[in-house]
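Below is one structure, written out as structure tokens; comments come after it.
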There are 2 protein chains.
Amino acid sequence: MSEDFFESSDSDRSNRPLLHAESWTLPGPLSLVGGGRLEKVTVVYETYGTLNAEKSNALFICHALSGDSHVASHDENDDPGWWEMMVGKGKPIDTTRYFVICANILGGCRGTTGPEDVNPETGVSYGQDFPSISIADIVNVNHKLVCEHFGIPRLFALVGGSLGGFMALDWAIRYPDSMRANIMIATGARLSQQSRAFDVIARNAITSDPNFCGGQYYDKPVGPKKGLAIARQLGHITYLSREAMNRKSESDRKVESPFETIYPVGSYLAHQGDKFVERFDANSYCTLSKALDDYNQSQTFEMLTDEIRQSKCRWLCVSFSSDWLFIPSQTKEIVDALLAADKEVSYCNVASQAGHDGFLLKPEIDFYGQLVSAFLLNMESDSRSGAPRSGRGSARPAEKPPAVRGKNDRIDLDRIIELIPADKSILDLGCGKGELLLRLAQRGEKTLVGVELEQRYILQCVQHDLNVIHTDMDQGLQSFRDGQFDYVVLSKTLQTVRNVELVLEEMLRVGKTALVSFPNFGYHRFRTQLEMFGTAPQTDTRPGRKWFNTSDVRFLTIADFRALCNEKRYRIQKMIALDTAHQIEIPEEEANVRADIAIVTLTK
Amino acid sequence: MSEDFFESSDSDRSNRPLLHAESWTLPGPLSLVGGGRLEKVTVVYETYGTLNAEKSNALFICHALSGDSHVASHDENDDPGWWEMMVGKGKPIDTTRYFVICANILGGCRGTTGPEDVNPETGVSYGQDFPSISIADIVNVNHKLVCEHFGIPRLFALVGGSLGGFMALDWAIRYPDSMRANIMIATGARLSQQSRAFDVIARNAITSDPNFCGGQYYDKPVGPKKGLAIARQLGHITYLSREAMNRKSESDRKVESPFETIYPVGSYLAHQGDKFVERFDANSYCTLSKALDDYNQSQTFEMLTDEIRQSKCRWLCVSFSSDWLFIPSQTKEIVDALLAADKEVSYCNVASQAGHDGFLLKPEIDFYGQLVSAFLLNMESDSRSGAPRSGRGSARPAEKPPAVRGKNDRIDLDRIIELIPADKSILDLGCGKGELLLRLAQRGEKTLVGVELEQRYILQCVQHDLNVIHTDMDQGLQSFRDGQFDYVVLSKTLQTVRNVELVLEEMLRVGKTALVSFPNFGYHRFRTQLEMFGTAPQTDTRPGRKWFNTSDVRFLTIADFRALCNEKRYRIQKMIALDTAHQIEIPEEEANVRADIAIVTLTK
């Protein structure tokens with residue numbers, strides 16, 4: 001049985017006092033977005049590291065529904081925080097470099113003003129009279145803390161996962177000048193209807209509990225513990241993937257609980273519920289989960305794009321493949337809106353079996369922590385403020401790995417680069433570790449985006465300070481709008497694409513010009529090989545690759561490609577045919593026989 | 001807004017009396033599998049159609065958790081049943097052909113003995129004193145009804161979906177002689193831990209309701225309606241896919257309910273909960289959901305296989321691609337166990353966006369209804385009893401479509417058939433509409449199984465009375481055990497396979513001999529085409545298929561295939577090389593140049 005049977009996300013955290021917490025009271029009342037008003041708002045927060053003299057190294061972490069300000073331990077004697085593996089000295093969010101702030105959210109129950117506090121008008125706890133708050137209200141309080149209390153004009157970075165991601169998104173849209181970078185993890189622009197349905201049932205369980213007493217249970221001997229525990233149990237299912245739930249249930253351990261524990265999974269859930277009611281308040285749960293349900297950053301994708309256009313930061317978005325609370329396409333919607341609004345963004349969908357919980361688990365942090373730290377390091381060397389930037393590759397810190405280039409096996413890249421005039425926007429499909437983009441960046445190109453399917457290459461691109469989107473081009477380029485780029489490049493990748501027609505069509509929709517290079521199956525050596533040796537030529541030259549394991553699935557000659565362009569009425573603006581073995585260019589009339597690679601610029 | 005906002009599965013059915021129901025009381029007490037005993041058990045059931053003189057046309061339907069005996073209307077004036085589209089005159093389960101029985105299950109609340117009934121020992125309702133029952137107990141009662149009351153020695157067919165599928169599985173294992181066919185829909189051999197977790201929370205909601213009164217609420221003014229409604233709301237989420245839930249929530253309709261209806265999805269769920277408490281009993285819900293959770297047909301796949309080996313019927317298993325209560329791999333586990341136990345089974349994973357609910361919806365029934373009716377028609381013409389059968393194709397009813405054969409474009413099939421001796425077991429990978437299998441069946445082969453990825457071909461195979469498994473061979477052949485078949489055939493499909501090494505390795509694991517046919521890229525016309533015309537040859541000869549849209553992704557010559565076999569130490573037992581244009585066989589030494597197709601038998 002696994003040791004961590006009862007451990008998951010923040011389940012084992014208690015209601016122990018926040019020893020290192022500080023507090024600040026807003027100088028005046030807070031007007032709520034929904035129309036209400038809170039006369040007095042106090043914020044309880046924790047900080048890590050040191051704010052530099054320029055106040056330029058502050059990083060704010062937005063916590064999730066049941067999280068709090070205790071994101072990490074402050075010293076060896078301190079309790080571990082909910083993101084202990086991510087935040088600290090030498091960790092991805094490095095407290096020796098950054099001044100980290102994490103504040104308990106408005107409406108919660110860890111010190112910042114919430115339903116449990118005394119309503120100054122009545123002299124008793126607010127309870128259900130606590131006004132409806134929205135994500136925007138939570139953000140407003142945090143923003144005031146940063147600006148008015150700390151006097152920080154602009155955050156170095158904002159980080160938010162899950163519910164925290166809603167805050168980070170709202171903050172970046174409404175206070176566009178207040179951050180340089182925004183990191184969104186396992187989140188979206190709104191909850192799915194399925195998630196809202198779970199929240200509705202959770203609140204029904206709480207308000208149906210006879211001890212709820214209309215929310216005024218604070219002076220009662222017992223609060224709505226059963227209802228709150230059921231709510232938490234339900235939430236907990238949504239945090240775990242199906243596989244993770246199976247693993248959690250491989251136990252015989254029983255807990256003492258007023259709930260059914262006849263099955264291991266019952267025992268597990270009972271434990272989650274029991275622990276939670278010790279540290280959380282039912283009114284806070286209802287207040288915050290309603291704020292979550294209400295959050296709907298723009299009804300349509302077009303509105304989201306318009307709103308996100310306001311933002312002025314660089315973005316890193318991360319999802320987890322098995323997350324079913326925020327499925328990857330929900331995070332991807334934000335990424336697509338950012339792309340449509342010409343913002344700088346990288347996106348990675350991290351392979352994980354853990355579900356939403358992956359956000360907080362070691363195997364996932366081992367990977368996405370590297371993304372986050374590389375992204376933050378890039379931001380340190382990036383003096384600009386979110387406007388299109390100039391050549392990244394030229395000034396990379398020493399800790400980043402150098403771009404790997406083959407000897408001269410990619411002279412096609414030299415020619416592709418020559419074919420692209422200066423000051424153009426470029427999308428590179430199947431960008432790999434970013435070789436072409438890096439060279440274009442070094443040349444000074446500003447608007448560069450890569451698309452790649454392999455997770456390890458996404459990390460390498462981010463480490464090279466490139467904007468890269470983790471997606472499968474064989475499914476289309478929905479992430480990009482019509483005519484978004486001057487050039488869309490597909491270099492030596494066409495032969496690996498299954499949906500050739502779709503990809504070409506999409507390239508010419510998204511780009512003014514498509515630039516395609518591909519191996520020519522009509523090359524005389526290939527012909528000779530088939531004719532003389534009777535073995536099928538391979539266009540995949542990587543070691544160990546043969547007909548049965550090559551990633552190449554399309555075989556075409558230059559003549560075949562011309563015929564397709566003809567059929568589709570694509571215009572071939574220019575074709576460069578290369579004999580890479582001899583490093584020479586082949587005249588057009590001999591290309592189909594003498595060139596092993598063709599580079600073609602296409603328009604519609 | 002969609003008309004069916006509030007309609008889903010059986011949600012709009014009321015607690016109206018079952019006008020056409022009859023009842024039967026067991027002649028003696030019922031001993032329960034778990035050790036308890038019920039002194040008196042009454043079964044309430046409905047029937048449709050007429051039992052023939054031989055009593056050979058009876059079809060029993062096992063209903064799901066919240067279903068009942070009213071599977072369909074009895075006449076125009078009758079209320080529609082929960083499976084109205086499936087059962088009736090001229091419908092897939094055709095009541096003009098079959099005598100259909102559907103009985104309310106033990107422990108339920110529709111007349112058959114359950115917790116609401118009076119305990120003869122105490123004179124009051126059982127309530128929570130109703131003994132723990134298992135799926136096996138429910139089956140035992142139904143089995144007695146069929147055998148003892150109706151005197152039916154052997155059912156023509158048994159049909160069960162969801163919870164009903166558990167019953168059908170248990171029944172077939174413990175009473176192997178009592179049915180000729182078994183149809184399992186959207187089910188598995190056990191619940192997932194995730195589903196059990198939902199059930200645990202649902203029961204916690206019921207038992208935490210102060211009106212539950214330890215289950216003795218029948219004489220109280222109000223029962224645990226809130227808890228039961230929450231349980232139903234929760235269950236309802238699991239019936240719908242994420243997409244279906246989105247569609248259900250596109251409404252502004254509000255309902256009167258004691259539950260939160262501030263969101264459309266809340267209103268939808270409140271309606272589901274409110275309707276359900278009118279017709280269902282909380283103790284029944286707990287009793288039946290525990291029986292569901294407890295059901296675990298064998299702990300391991302090996303045990304499941306051993307148990308299922310007892311069965312003596314033919315099987316049809318159906319899952320729905322977006323079902324997340326019973327994900328397709330849960331149904332597939334049963335299929336794999338049946339295959340491992342050499343049982344006759346066909347399996348289809350129906351493409352659906354509806355989730356578990358697809359079981360009851362028109363678009364899904366439009367497709368899987370055809371599978372069911374074809375399967376039942378096959379059973380009518382199948383006089384045997386589950387033992388390996390002889391040539392299906394030879395005696396097909398007229399209503400089945402004829403096998404489509406090209407003119408002479410598959411002479412390779414003739415040779416493959418010649419290469420397979422009589423009385424061998426054969427697996428055909430990528431069997432399409434079953435052309436090869438049908439010819440082998442017509443020749444008299446008994447053990448034939450097809451594997452196919454396209455849903456429409458699955459239906460055609462079932463219509464041809466072939467056993468076919470809906471799965472992707474490119475992911476391996478986990479469904480089959482080592483050495484299960486004498487021959488595993490891959491006819492003209494190797495070139496479409498991505499994982500060539502895996503598929504060949506799997507063929508030689510599962511089969512004693514592998515039989516592979518593939519187009520030879522070394523064929524002289526192909527060489528000439530490349531040499532003379534400079535265009536890449538296409539092995540895909542279907543109209544409109546070119547290099548950019550062919551399903552072929554692997555290009556090999558006979559020499560290439562030989563080299564791979566050599567590398568892997570596969571033994572080529574025989575190779576037939578054909579020039580299909582001239583319909584002649586080519587001698588081995590000229591094969592790589594003169595043959596367009598090679599047929600190879602391989603062993604390890």
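Each chain in the structure tokens gets a letter, A, B, ..., in the order shown, and its residues are numbered from 1; ligands are numbered from 1 in order too.
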
Residue hits in chain B, query chain A, radius 8 Å, only C-alpha atoms, as an mmCIF file with C-alpha atoms, in the first residue's frame:
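File result.cif, as written:
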data_model
loop_
_atom_site.group_PDB
_atom_site.id
_atom_site.type_symbol
_atom_site.label_atom_id
_atom_site.label_comp_id
_atom_site.auth_asym_id
_atom_site.auth_seq_id
_atom_site.Cartn_x
_atom_site.Cartn_y
_atom_site.Cartn_z
ATOM 1 C CA SER B 192 -14.474 2.067 -10.982
ATOM 2 C CA GLN B 193 -13.252 3.470 -7.679
ATOM 3 C CA GLN B 194 -14.379 6.849 -8.940
ATOM 4 C CA ARG B 196 -17.851 3.963 -5.961
ATOM 5 C CA ALA B 197 -16.672 7.279 -4.552
ATOM 6 C CA PHE B 198 -19.734 9.003 -6.008
ATOM 7 C CA VAL B 200 -20.374 6.692 -1.096
ATOM 8 C CA ILE B 201 -21.016 10.438 -1.186
ATOM 9 C CA ARG B 203 -25.270 7.528 0.533
ATOM 10 C CA ASN B 204 -23.596 9.954 2.935
ATOM 11 C CA ALA B 205 -26.003 12.631 1.691
ATOM 12 C CA SER B 208 -26.908 12.564 6.838
ATOM 13 C CA ASP B 209 -30.392 13.858 6.076
ATOM 14 C CA PRO B 210 -32.070 14.335 9.485
ATOM 15 C CA LYS B 226 -33.187 16.282 0.316
ATOM 16 C CA GLY B 227 -30.527 13.639 0.761
ATOM 17 C CA ILE B 230 -28.673 15.177 -3.775
ATOM 18 C CA GLN B 233 -28.257 14.931 -8.747
ATOM 19 C CA LEU B 234 -24.837 13.463 -8.248
ATOM 20 C CA ILE B 237 -23.785 14.208 -13.479
ATOM 21 C CA ARG B 242 -19.149 16.980 -20.264
ATOM 22 C CA MET B 245 -23.929 18.754 -19.557
ATOM 23 C CA ASN B 246 -22.968 21.895 -21.467
ATOM 24 C CA SER B 249 -27.164 24.125 -19.288
ATOM 25 C CA PHE B 259 -32.405 23.485 -3.963
ATOM 26 C CA GLU B 260 -30.206 26.187 -5.383
ATOM 27 C CA VAL B 265 -27.297 23.688 -14.369
ATOM 28 C CA GLY B 266 -28.566 24.044 -10.809
ATOM 29 C CA LEU B 269 -30.181 19.205 -11.367
ATOM 30 C CA ARG B 498 2.325 2.760 -37.944
ATOM 31 C CA ASN B 499 3.729 0.388 -35.354
ATOM 32 C CA VAL B 500 4.911 -2.284 -37.775
ATOM 33 C CA GLU B 501 7.279 -3.955 -35.333
ATOM 34 C CA PHE B 521 6.949 -1.141 -53.724
ATOM 35 C CA GLY B 522 9.681 -2.783 -55.774
ATOM 36 C CA ARG B 527 10.121 1.667 -60.390
ATOM 37 C CA LEU B 530 9.504 6.944 -60.347
ATOM 38 C CA GLU B 531 12.257 6.665 -62.948
ATOM 39 C CA GLY B 534 9.382 11.334 -61.425
ATOM 40 C CA THR B 535 6.232 10.862 -59.402
ATOM 41 C CA ALA B 536 6.081 8.739 -56.262
ATOM 42 C CA TRP B 547 0.276 10.586 -51.881
ATOM 43 C CA PHE B 548 -1.286 13.230 -49.654
ATOM 44 C CA ASN B 549 -4.465 11.434 -48.627
ATOM 45 C CA ASP B 552 -0.855 3.984 -46.596
ATOM 46 C CA VAL B 553 1.960 5.195 -44.401
ATOM 47 C CA ARG B 554 4.590 2.487 -44.907
ATOM 48 C CA PHE B 555 6.420 1.777 -48.142
ATOM 49 C CA LEU B 556 8.327 -1.426 -48.512
ATOM 50 C CA THR B 557 9.575 -3.825 -51.096
ATOM 51 C CA ILE B 558 9.652 -7.580 -50.739
ATOM 52 C CA ALA B 559 13.381 -7.216 -50.120
ATOM 53 C CA ASP B 560 12.693 -4.761 -47.302
ATOM 54 C CA ASN B 592 10.840 -8.143 -55.988
ATOM 55 C CA VAL B 593 10.651 -6.813 -59.539
#

Extract the full set of helix (DSSP H, G or I) residues from stretch 30-256 of chain B according to DSSP on the backbone, and format it as a ChimeraX atom specification.
/B:127-129,135-149,163-174,176-178,193-208,210-215,225-239,242-248

(request) Return the single residue from B:Gln297, B:Asn283, B:Gln463, B:Thr603 that is closest to B:Leu371, with distances computed using only C-alpha atoms. (result)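 Smallest separation from B:Leu371 among the options: B:Gln463.
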
- Spatial neighbours of B:Val146, max dist 12 Å, only C-alpha atoms, sep filter under 6 positions, as number ranges by chain: B: 24, 26, 43, 45, 47, 51, 55-56, 58-61, 99-103, 139-140, 152-158, 171, 175, 178-179

Identify all residues of stretch 64-282 of chain A in strand (DSSP E or B) (DSSP on the backbone) and supply them as number ranges by chain. A: 87-88, 93-94, 99-103, 118, 125, 155, 157-161, 179, 181-185, 190

Across B:Leu292, B:Thr96, B:Arg16, B:Gly35, the smallest distance to B:Tyr48, with only C-alpha atoms counted, is shown by B:Thr96

Let me make sure I understand: among B:Gln455, B:Ser289, B:Gln583, B:Thr300, which one has the smallest atom-to-atom distance to B:Ser321 if we use only C-alpha atoms?
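Looking at the shortest contact to B:Ser321, the residue is B:Gln455.
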
Atom CA of A:Glu590 to atom CA of A:Lys568, distance in Å rounded to a single decimal:
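One can read the atom CA of A:Glu590 to atom CA of A:Lys568 distance as 23.7 Å.
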
Worksheet item: Which residues come within 9 Å of B:Ile365, counting only C-alpha atoms, excluding same-chain residues fewer than 5 positions away, as a PyMOL selection string?
Response: chain B and resi 85-86+92+358-360+370

| request: Quick one: everything within 6 Å of stretch 301-306 of chain B, counting only C-alpha atoms, minus sequence neighbours fewer than 3 positions away in the same chain. Send it as JSON, numbers by chain. | output: {"B": [298, 309, 337, 341]}
